[in-house]
Amino acid sequence: MDPAFRASGEAAHLIDPEFVEVGASGRRYTYSETIAELPTKPGSSADGPRYEPSTITGVLLAPNLVHLTFETDFNGNRARRTSLWRKQDEETGWRMYYHQGTPVPPDQA
């Protein structure tokens, strides 16, 4: 969530080559689209708003597969998020395999 990290290109090491995202906008992103767009996406500027995560929970679904859920607030816009993280081997470590964001209407808790 750190803007400097998002903009640095280092985030590519945490994203699985088979990655797919369904963003809060409903748009589907592939690995290559995500890597190309991450440095310029909202939340990647040091002087702009940043994603503030909360209520983070992780569940081990199987060996080397974790389901992570959390909420974010970005400049007053809330979203509920879910991601799957998998570990293929010790060399690559944990990488995000899938991510989805769902907007939370302003009147919802």
# chains A, B, ... in the order shown; residues from 1 in each chain; ligands from 1

call {"tool": "residues_around", "arguments": {"residues": "Trp85 (chain A)", "least_positions_apart": "6", "cutoff": "12 Å", "atoms": "only C-alpha atoms", "output": "list in words"}}
result
Leu14, Ile15, Asp16, Glu18, Phe19, Val20, Gly58, Val59, Leu60, Leu61, Ala62, Pro63, Asn64, Leu65, Val66, His67, Leu68, Thr69, Gly93, Trp94, Arg95, Met96, Tyr97, Tyr98 and His99 of chain A

call {"tool": "atom_distance", "arguments": {"atom1": "CA of Gly23 (chain A)", "atom2": "CA of Asp107 (chain A)"}}
result
20.7 Å

call {"tool": "select_by_dssp", "arguments": {"residues": "chain A", "states": "helix (DSSP H, G or I)", "output": "compact mmCIF listing (two decimals) with all heavy atoms, in the first residue's frame"}}
result
# COMPACT_ATOMS: atom_id res chain seq x y z
N PRO A 3 2.89 4.15 -1.33
CA PRO A 3 3.00 4.74 -2.67
C PRO A 3 4.38 4.60 -3.29
O PRO A 3 4.50 4.33 -4.49
CB PRO A 3 2.64 6.21 -2.45
CG PRO A 3 1.82 6.23 -1.22
CD PRO A 3 2.35 5.10 -0.37
N ALA A 4 5.43 4.77 -2.51
CA ALA A 4 6.79 4.66 -3.04
C ALA A 4 7.06 3.25 -3.55
O ALA A 4 7.68 3.05 -4.60
CB ALA A 4 7.81 5.06 -1.98
N PHE A 5 6.59 2.25 -2.82
CA PHE A 5 6.78 0.86 -3.23
C PHE A 5 5.97 0.56 -4.49
O PHE A 5 6.46 -0.04 -5.43
CB PHE A 5 6.38 -0.09 -2.10
CG PHE A 5 6.64 -1.53 -2.41
CD1 PHE A 5 7.92 -2.04 -2.38
CD2 PHE A 5 5.59 -2.37 -2.74
CE1 PHE A 5 8.16 -3.37 -2.67
CE2 PHE A 5 5.82 -3.71 -3.03
CZ PHE A 5 7.11 -4.20 -3.00
N ARG A 6 4.72 1.04 -4.54
CA ARG A 6 3.86 0.81 -5.70
C ARG A 6 4.48 1.42 -6.96
O ARG A 6 4.40 0.85 -8.04
CB ARG A 6 2.47 1.41 -5.46
CG ARG A 6 1.67 0.70 -4.40
CD ARG A 6 0.42 1.46 -4.02
NE ARG A 6 -0.48 1.71 -5.12
CZ ARG A 6 -1.47 0.90 -5.48
NH1 ARG A 6 -1.71 -0.19 -4.80
NH2 ARG A 6 -2.24 1.19 -6.51
N ALA A 7 5.08 2.60 -6.84
CA ALA A 7 5.64 3.29 -7.99
C ALA A 7 7.02 2.79 -8.38
O ALA A 7 7.47 3.03 -9.50
CB ALA A 7 5.70 4.79 -7.70
N SER A 8 7.69 2.05 -7.50
CA SER A 8 9.08 1.67 -7.73
C SER A 8 9.29 0.55 -8.74
O SER A 8 10.38 0.35 -9.24
CB SER A 8 9.72 1.24 -6.41
OG SER A 8 9.20 -0.04 -6.01
N GLU A 10 9.12 -2.48 -7.80
CA GLU A 10 9.44 -3.62 -6.95
C GLU A 10 8.22 -4.49 -6.66
O GLU A 10 8.34 -5.66 -6.33
CB GLU A 10 10.07 -3.15 -5.64
CG GLU A 10 11.45 -2.57 -5.80
CD GLU A 10 12.45 -3.60 -6.31
OE1 GLU A 10 12.52 -4.72 -5.75
OE2 GLU A 10 13.15 -3.29 -7.28
N ALA A 11 7.04 -3.91 -6.78
CA ALA A 11 5.81 -4.66 -6.52
C ALA A 11 5.67 -5.85 -7.46
O ALA A 11 5.00 -6.82 -7.13
CB ALA A 11 4.59 -3.74 -6.63
N ALA A 12 6.30 -5.80 -8.61
CA ALA A 12 6.23 -6.91 -9.57
C ALA A 12 6.72 -8.21 -8.96
O ALA A 12 6.26 -9.29 -9.34
CB ALA A 12 7.04 -6.59 -10.82
N HIS A 13 7.61 -8.13 -7.97
CA HIS A 13 8.13 -9.34 -7.31
C HIS A 13 7.08 -10.00 -6.42
O HIS A 13 7.25 -11.14 -6.02
CB HIS A 13 9.37 -9.01 -6.49
CG HIS A 13 10.49 -8.46 -7.32
ND1 HIS A 13 11.15 -9.20 -8.27
CD2 HIS A 13 11.03 -7.23 -7.36
CE1 HIS A 13 12.07 -8.46 -8.84
NE2 HIS A 13 12.02 -7.25 -8.32
N LEU A 14 6.01 -9.27 -6.09
CA LEU A 14 4.96 -9.81 -5.23
C LEU A 14 3.72 -10.24 -6.00
O LEU A 14 2.73 -10.65 -5.40
CB LEU A 14 4.56 -8.78 -4.17
CG LEU A 14 5.62 -8.41 -3.16
CD1 LEU A 14 5.09 -7.35 -2.21
CD2 LEU A 14 6.09 -9.63 -2.39
N TYR A 31 -1.75 -9.68 -15.48
CA TYR A 31 -0.43 -9.41 -14.88
C TYR A 31 0.27 -8.28 -15.61
O TYR A 31 0.71 -7.31 -15.00
CB TYR A 31 0.42 -10.69 -14.92
CG TYR A 31 1.86 -10.46 -14.54
CD1 TYR A 31 2.25 -10.43 -13.21
CD2 TYR A 31 2.84 -10.28 -15.51
CE1 TYR A 31 3.57 -10.22 -12.84
CE2 TYR A 31 4.16 -10.07 -15.16
CZ TYR A 31 4.52 -10.04 -13.83
OH TYR A 31 5.82 -9.82 -13.47
N SER A 32 0.37 -8.38 -16.94
CA SER A 32 1.13 -7.38 -17.69
C SER A 32 0.49 -6.00 -17.61
O SER A 32 1.18 -4.99 -17.50
CB SER A 32 1.35 -7.81 -19.14
OG SER A 32 0.12 -8.10 -19.76
N GLU A 33 -0.84 -5.94 -17.62
CA GLU A 33 -1.52 -4.65 -17.47
C GLU A 33 -1.26 -4.06 -16.09
O GLU A 33 -0.99 -2.86 -15.96
CB GLU A 33 -3.03 -4.81 -17.68
CG GLU A 33 -3.42 -5.12 -19.10
CD GLU A 33 -4.88 -5.53 -19.22
OE1 GLU A 33 -5.43 -6.17 -18.29
OE2 GLU A 33 -5.46 -5.21 -20.27
N THR A 34 -1.32 -4.89 -15.08
CA THR A 34 -1.10 -4.43 -13.71
C THR A 34 0.30 -3.89 -13.53
O THR A 34 0.50 -2.80 -12.98
CB THR A 34 -1.37 -5.57 -12.70
OG1 THR A 34 -2.74 -5.97 -12.85
CG2 THR A 34 -1.10 -5.14 -11.28
N ILE A 35 1.29 -4.63 -14.00
CA ILE A 35 2.68 -4.20 -13.86
C ILE A 35 2.92 -2.90 -14.61
O ILE A 35 3.57 -1.98 -14.11
CB ILE A 35 3.66 -5.30 -14.35
CG1 ILE A 35 3.51 -6.56 -13.49
CG2 ILE A 35 5.09 -4.81 -14.36
CD1 ILE A 35 3.68 -6.35 -12.01
N ALA A 36 2.36 -2.78 -15.81
CA ALA A 36 2.55 -1.57 -16.62
C ALA A 36 1.87 -0.36 -16.00
O ALA A 36 2.42 0.75 -16.04
CB ALA A 36 2.03 -1.81 -18.03
N GLU A 37 0.70 -0.55 -15.41
CA GLU A 37 -0.10 0.57 -14.92
C GLU A 37 0.14 0.92 -13.45
O GLU A 37 -0.19 2.03 -13.02
CB GLU A 37 -1.58 0.29 -15.13
CG GLU A 37 -1.97 0.20 -16.59
CD GLU A 37 -3.43 -0.16 -16.80
OE1 GLU A 37 -4.24 -0.02 -15.85
OE2 GLU A 37 -3.76 -0.59 -17.91
N LEU A 38 0.71 0.01 -12.67
CA LEU A 38 0.83 0.23 -11.23
C LEU A 38 1.55 1.54 -10.87
O LEU A 38 1.08 2.27 -9.99
CB LEU A 38 1.50 -0.96 -10.54
CG LEU A 38 1.48 -0.95 -9.02
CD1 LEU A 38 0.05 -0.88 -8.49
CD2 LEU A 38 2.19 -2.17 -8.48
N PRO A 39 2.65 1.88 -11.51
CA PRO A 39 3.33 3.13 -11.11
C PRO A 39 2.50 4.39 -11.31
O PRO A 39 2.76 5.41 -10.67
CB PRO A 39 4.58 3.16 -12.00
CG PRO A 39 4.81 1.74 -12.37
CD PRO A 39 3.44 1.13 -12.48
N THR A 40 1.48 4.35 -12.17
CA THR A 40 0.68 5.54 -12.43
C THR A 40 -0.75 5.44 -11.88
O THR A 40 -1.53 6.37 -12.02
CB THR A 40 0.62 5.84 -13.94
OG1 THR A 40 0.04 4.72 -14.61
CG2 THR A 40 2.01 6.12 -14.49

call {"tool": "residues_around", "arguments": {"residues": "Phe70 (chain A)", "least_positions_apart": "2", "cutoff": "8 Å", "atoms": "only C-alpha atoms", "output": "MDAnalysis selection string"}}
result
chainID A and resid 53:57 68 72 80:82

call {"tool": "residues_around", "arguments": {"residues": "Phe74 (chain A)", "least_positions_apart": "5", "cutoff": "8 Å", "atoms": "only C-alpha atoms", "output": "VMD selection string"}}
result
chain A and resid 43 49 to 52

call {"tool": "write_last_selection", "arguments": {"atoms": "all heavy atoms", "output": "PDB file, in the first residue's frame"}}
result
ATOM      1  N   GLY A  43      -2.929   6.156  -5.865  1.00  0.00           N
ATOM      2  CA  GLY A  43      -2.314   5.542  -4.692  1.00  0.00           C
ATOM      3  C   GLY A  43      -0.828   5.295  -4.857  1.00  0.00           C
ATOM      4  O   GLY A  43      -0.164   4.817  -3.949  1.00  0.00           O
ATOM      5  N   PRO A  49      -3.222  10.969  -2.351  1.00  0.00           N
ATOM      6  CA  PRO A  49      -3.861  10.109  -1.346  1.00  0.00           C
ATOM      7  C   PRO A  49      -3.302   8.696  -1.403  1.00  0.00           C
ATOM      8  O   PRO A  49      -2.752   8.271  -2.427  1.00  0.00           O
ATOM      9  CB  PRO A  49      -5.343  10.136  -1.745  1.00  0.00           C
ATOM     10  CG  PRO A  49      -5.369  10.571  -3.157  1.00  0.00           C
ATOM     11  CD  PRO A  49      -4.137  11.388  -3.400  1.00  0.00           C
ATOM     12  N   ARG A  50      -3.421   7.996  -0.310  1.00  0.00           N
ATOM     13  CA  ARG A  50      -2.931   6.614  -0.252  1.00  0.00           C
ATOM     14  C   ARG A  50      -4.015   5.698   0.270  1.00  0.00           C
ATOM     15  O   ARG A  50      -4.930   6.134   0.948  1.00  0.00           O
ATOM     16  CB  ARG A  50      -1.666   6.516   0.584  1.00  0.00           C
ATOM     17  CG  ARG A  50      -1.859   6.769   2.050  1.00  0.00           C
ATOM     18  CD  ARG A  50      -0.594   6.672   2.853  1.00  0.00           C
ATOM     19  NE  ARG A  50      -0.159   5.294   2.916  1.00  0.00           N
ATOM     20  CZ  ARG A  50       1.084   4.917   3.160  1.00  0.00           C
ATOM     21  NH1 ARG A  50       2.015   5.800   3.369  1.00  0.00           N
ATOM     22  NH2 ARG A  50       1.396   3.650   3.208  1.00  0.00           N
ATOM     23  N   TYR A  51      -3.911   4.427  -0.076  1.00  0.00           N
ATOM     24  CA  TYR A  51      -4.838   3.422   0.429  1.00  0.00           C
ATOM     25  C   TYR A  51      -4.542   3.171   1.894  1.00  0.00           C
ATOM     26  O   TYR A  51      -3.393   2.943   2.275  1.00  0.00           O
ATOM     27  CB  TYR A  51      -4.679   2.105  -0.344  1.00  0.00           C
ATOM     28  CG  TYR A  51      -5.248   2.163  -1.731  1.00  0.00           C
ATOM     29  CD1 TYR A  51      -4.442   2.468  -2.817  1.00  0.00           C
ATOM     30  CD2 TYR A  51      -6.598   1.903  -1.965  1.00  0.00           C
ATOM     31  CE1 TYR A  51      -4.964   2.518  -4.111  1.00  0.00           C
ATOM     32  CE2 TYR A  51      -7.132   1.955  -3.238  1.00  0.00           C
ATOM     33  CZ  TYR A  51      -6.307   2.268  -4.302  1.00  0.00           C
ATOM     34  OH  TYR A  51      -6.830   2.323  -5.562  1.00  0.00           O
ATOM     35  N   GLU A  52      -5.593   3.229   2.710  1.00  0.00           N
ATOM     36  CA  GLU A  52      -5.474   2.944   4.145  1.00  0.00           C
ATOM     37  C   GLU A  52      -6.206   1.636   4.413  1.00  0.00           C
ATOM     38  O   GLU A  52      -7.435   1.584   4.378  1.00  0.00           O
ATOM     39  CB  GLU A  52      -6.069   4.083   4.966  1.00  0.00           C
ATOM     40  CG  GLU A  52      -5.385   5.421   4.772  1.00  0.00           C
ATOM     41  CD  GLU A  52      -3.946   5.455   5.267  1.00  0.00           C
ATOM     42  OE1 GLU A  52      -3.571   4.610   6.116  1.00  0.00           O
ATOM     43  OE2 GLU A  52      -3.182   6.313   4.794  1.00  0.00           O
TER      44      GLU A  52
END

call {"tool": "closest_residue", "arguments": {"among": "A:Glu21, A:Asp47, A:Asp89, A:Pro106", "to": "Gly76 (chain A)", "atoms": "only C-alpha atoms"}}
result
A:Pro106

call {"tool": "select_by_dssp", "arguments": {"residues": "region 29-82 of chain A", "states": "strand (DSSP E or B)", "output": "count of residues only"}}
result
29

call {"tool": "decode", "arguments": {"residues": "region 68-96 of chain A", "atoms": "N, CA, C and O atoms", "output": "PDB file, in the first residue's frame"}}
result
ATOM      1  N   LEU A  68      -6.755 -13.682   1.732  1.00  0.00           N
ATOM      2  CA  LEU A  68      -6.648 -12.464   2.519  1.00  0.00           C
ATOM      3  C   LEU A  68      -7.856 -11.579   2.226  1.00  0.00           C
ATOM      4  O   LEU A  68      -8.220 -11.386   1.062  1.00  0.00           O
ATOM      5  N   THR A  69      -8.505 -11.075   3.276  1.00  0.00           N
ATOM      6  CA  THR A  69      -9.586 -10.108   3.111  1.00  0.00           C
ATOM      7  C   THR A  69      -9.255  -8.865   3.919  1.00  0.00           C
ATOM      8  O   THR A  69      -8.634  -8.949   4.983  1.00  0.00           O
ATOM      9  N   PHE A  70      -9.671  -7.721   3.396  1.00  0.00           N
ATOM     10  CA  PHE A  70      -9.418  -6.462   4.087  1.00  0.00           C
ATOM     11  C   PHE A  70     -10.285  -5.374   3.469  1.00  0.00           C
ATOM     12  O   PHE A  70     -10.920  -5.573   2.435  1.00  0.00           O
ATOM     13  N   GLU A  71     -10.315  -4.229   4.126  1.00  0.00           N
ATOM     14  CA  GLU A  71     -11.006  -3.066   3.597  1.00  0.00           C
ATOM     15  C   GLU A  71      -9.985  -1.968   3.377  1.00  0.00           C
ATOM     16  O   GLU A  71      -8.956  -1.918   4.050  1.00  0.00           O
ATOM     17  N   THR A  72     -10.285  -1.092   2.419  1.00  0.00           N
ATOM     18  CA  THR A  72      -9.437   0.066   2.199  1.00  0.00           C
ATOM     19  C   THR A  72     -10.291   1.324   2.169  1.00  0.00           C
ATOM     20  O   THR A  72     -11.467   1.293   1.821  1.00  0.00           O
ATOM     21  N   ASP A  73      -9.657   2.405   2.567  1.00  0.00           N
ATOM     22  CA  ASP A  73     -10.229   3.732   2.392  1.00  0.00           C
ATOM     23  C   ASP A  73      -9.230   4.491   1.533  1.00  0.00           C
ATOM     24  O   ASP A  73      -8.044   4.555   1.843  1.00  0.00           O
ATOM     25  N   PHE A  74      -9.716   5.035   0.433  1.00  0.00           N
ATOM     26  CA  PHE A  74      -8.864   5.810  -0.456  1.00  0.00           C
ATOM     27  C   PHE A  74      -9.552   7.134  -0.735  1.00  0.00           C
ATOM     28  O   PHE A  74     -10.531   7.195  -1.474  1.00  0.00           O
ATOM     29  N   ASN A  75      -9.080   8.150  -0.054  1.00  0.00           N
ATOM     30  CA  ASN A  75      -9.619   9.489  -0.267  1.00  0.00           C
ATOM     31  C   ASN A  75     -11.134   9.531  -0.013  1.00  0.00           C
ATOM     32  O   ASN A  75     -11.880  10.154  -0.757  1.00  0.00           O
ATOM     33  N   GLY A  76     -11.583   8.792   1.012  1.00  0.00           N
ATOM     34  CA  GLY A  76     -12.995   8.760   1.362  1.00  0.00           C
ATOM     35  C   GLY A  76     -13.814   7.693   0.662  1.00  0.00           C
ATOM     36  O   GLY A  76     -14.983   7.506   0.968  1.00  0.00           O
ATOM     37  N   ASN A  77     -13.209   6.971  -0.270  1.00  0.00           N
ATOM     38  CA  ASN A  77     -13.898   5.878  -0.965  1.00  0.00           C
ATOM     39  C   ASN A  77     -13.474   4.553  -0.348  1.00  0.00           C
ATOM     40  O   ASN A  77     -12.287   4.229  -0.325  1.00  0.00           O
ATOM     41  N   ARG A  78     -14.466   3.795   0.136  1.00  0.00           N
ATOM     42  CA  ARG A  78     -14.170   2.516   0.780  1.00  0.00           C
ATOM     43  C   ARG A  78     -14.408   1.366  -0.180  1.00  0.00           C
ATOM     44  O   ARG A  78     -15.284   1.426  -1.050  1.00  0.00           O
ATOM     45  N   ALA A  79     -13.621   0.304   0.005  1.00  0.00           N
ATOM     46  CA  ALA A  79     -13.799  -0.916  -0.782  1.00  0.00           C
ATOM     47  C   ALA A  79     -13.484  -2.111   0.097  1.00  0.00           C
ATOM     48  O   ALA A  79     -12.623  -2.046   0.988  1.00  0.00           O
ATOM     49  N   ARG A  80     -14.190  -3.195  -0.138  1.00  0.00           N
ATOM     50  CA  ARG A  80     -13.878  -4.479   0.485  1.00  0.00           C
ATOM     51  C   ARG A  80     -13.062  -5.249  -0.534  1.00  0.00           C
ATOM     52  O   ARG A  80     -13.410  -5.298  -1.717  1.00  0.00           O
ATOM     53  N   ARG A  81     -11.991  -5.841  -0.061  1.00  0.00           N
ATOM     54  CA  ARG A  81     -11.041  -6.477  -0.977  1.00  0.00           C
ATOM     55  C   ARG A  81     -10.735  -7.907  -0.546  1.00  0.00           C
ATOM     56  O   ARG A  81     -10.777  -8.234   0.630  1.00  0.00           O
ATOM     57  N   THR A  82     -10.426  -8.720  -1.535  1.00  0.00           N
ATOM     58  CA  THR A  82     -10.040 -10.101  -1.294  1.00  0.00           C
ATOM     59  C   THR A  82      -8.906 -10.458  -2.241  1.00  0.00           C
ATOM     60  O   THR A  82      -8.883 -10.006  -3.383  1.00  0.00           O
ATOM     61  N   SER A  83      -7.958 -11.219  -1.749  1.00  0.00           N
ATOM     62  CA  SER A  83      -6.866 -11.670  -2.614  1.00  0.00           C
ATOM     63  C   SER A  83      -6.439 -13.081  -2.214  1.00  0.00           C
ATOM     64  O   SER A  83      -6.603 -13.493  -1.069  1.00  0.00           O
ATOM     65  N   LEU A  84      -5.935 -13.786  -3.197  1.00  0.00           N
ATOM     66  CA  LEU A  84      -5.349 -15.105  -2.973  1.00  0.00           C
ATOM     67  C   LEU A  84      -3.854 -14.988  -3.181  1.00  0.00           C
ATOM     68  O   LEU A  84      -3.403 -14.439  -4.198  1.00  0.00           O
ATOM     69  N   TRP A  85      -3.121 -15.494  -2.219  1.00  0.00           N
ATOM     70  CA  TRP A  85      -1.658 -15.489  -2.278  1.00  0.00           C
ATOM     71  C   TRP A  85      -1.183 -16.930  -2.316  1.00  0.00           C
ATOM     72  O   TRP A  85      -1.651 -17.754  -1.516  1.00  0.00           O
ATOM     73  N   ARG A  86      -0.282 -17.220  -3.243  1.00  0.00           N
ATOM     74  CA  ARG A  86       0.241 -18.587  -3.309  1.00  0.00           C
ATOM     75  C   ARG A  86       1.766 -18.561  -3.324  1.00  0.00           C
ATOM     76  O   ARG A  86       2.393 -17.596  -3.761  1.00  0.00           O
ATOM     77  N   LYS A  87       2.302 -19.661  -2.856  1.00  0.00           N
ATOM     78  CA  LYS A  87       3.752 -19.823  -2.797  1.00  0.00           C
ATOM     79  C   LYS A  87       4.107 -21.025  -3.664  1.00  0.00           C
ATOM     80  O   LYS A  87       3.800 -22.157  -3.308  1.00  0.00           O
ATOM     81  N   GLN A  88       4.723 -20.771  -4.802  1.00  0.00           N
ATOM     82  CA  GLN A  88       5.109 -21.840  -5.724  1.00  0.00           C
ATOM     83  C   GLN A  88       6.361 -22.570  -5.237  1.00  0.00           C
ATOM     84  O   GLN A  88       6.466 -23.775  -5.363  1.00  0.00           O
ATOM     85  N   ASP A  89       7.330 -21.784  -4.737  1.00  0.00           N
ATOM     86  CA  ASP A  89       8.583 -22.372  -4.247  1.00  0.00           C
ATOM     87  C   ASP A  89       9.282 -21.372  -3.326  1.00  0.00           C
ATOM     88  O   ASP A  89       8.852 -20.237  -3.187  1.00  0.00           O
ATOM     89  N   GLU A  90      10.353 -21.805  -2.720  1.00  0.00           N
ATOM     90  CA  GLU A  90      11.084 -20.951  -1.781  1.00  0.00           C
ATOM     91  C   GLU A  90      11.759 -19.778  -2.486  1.00  0.00           C
ATOM     92  O   GLU A  90      11.881 -18.696  -1.919  1.00  0.00           O
ATOM     93  N   GLU A  91      12.174 -19.962  -3.711  1.00  0.00           N
ATOM     94  CA  GLU A  91      12.886 -18.904  -4.435  1.00  0.00           C
ATOM     95  C   GLU A  91      11.986 -17.699  -4.717  1.00  0.00           C
ATOM     96  O   GLU A  91      12.366 -16.559  -4.494  1.00  0.00           O
ATOM     97  N   THR A  92      10.769 -17.952  -5.202  1.00  0.00           N
ATOM     98  CA  THR A  92       9.871 -16.841  -5.532  1.00  0.00           C
ATOM     99  C   THR A  92       9.080 -16.362  -4.326  1.00  0.00           C
ATOM    100  O   THR A  92       8.674 -15.208  -4.276  1.00  0.00           O
ATOM    101  N   GLY A  93       8.828 -17.235  -3.362  1.00  0.00           N
ATOM    102  CA  GLY A  93       8.087 -16.853  -2.164  1.00  0.00           C
ATOM    103  C   GLY A  93       6.622 -16.603  -2.454  1.00  0.00           C
ATOM    104  O   GLY A  93       6.069 -17.071  -3.445  1.00  0.00           O
ATOM    105  N   TRP A  94       5.978 -15.850  -1.559  1.00  0.00           N
ATOM    106  CA  TRP A  94       4.555 -15.566  -1.664  1.00  0.00           C
ATOM    107  C   TRP A  94       4.289 -14.502  -2.714  1.00  0.00           C
ATOM    108  O   TRP A  94       4.950 -13.467  -2.742  1.00  0.00           O
ATOM    109  N   ARG A  95       3.284 -14.766  -3.558  1.00  0.00           N
ATOM    110  CA  ARG A  95       2.889 -13.811  -4.592  1.00  0.00           C
ATOM    111  C   ARG A  95       1.368 -13.757  -4.690  1.00  0.00           C
ATOM    112  O   ARG A  95       0.697 -14.774  -4.522  1.00  0.00           O
ATOM    113  N   MET A  96       0.862 -12.575  -5.000  1.00  0.00           N
ATOM    114  CA  MET A  96      -0.573 -12.417  -5.165  1.00  0.00           C
ATOM    115  C   MET A  96      -0.998 -13.012  -6.503  1.00  0.00           C
ATOM    116  O   MET A  96      -0.514 -12.629  -7.552  1.00  0.00           O
TER     117      MET A  96
END
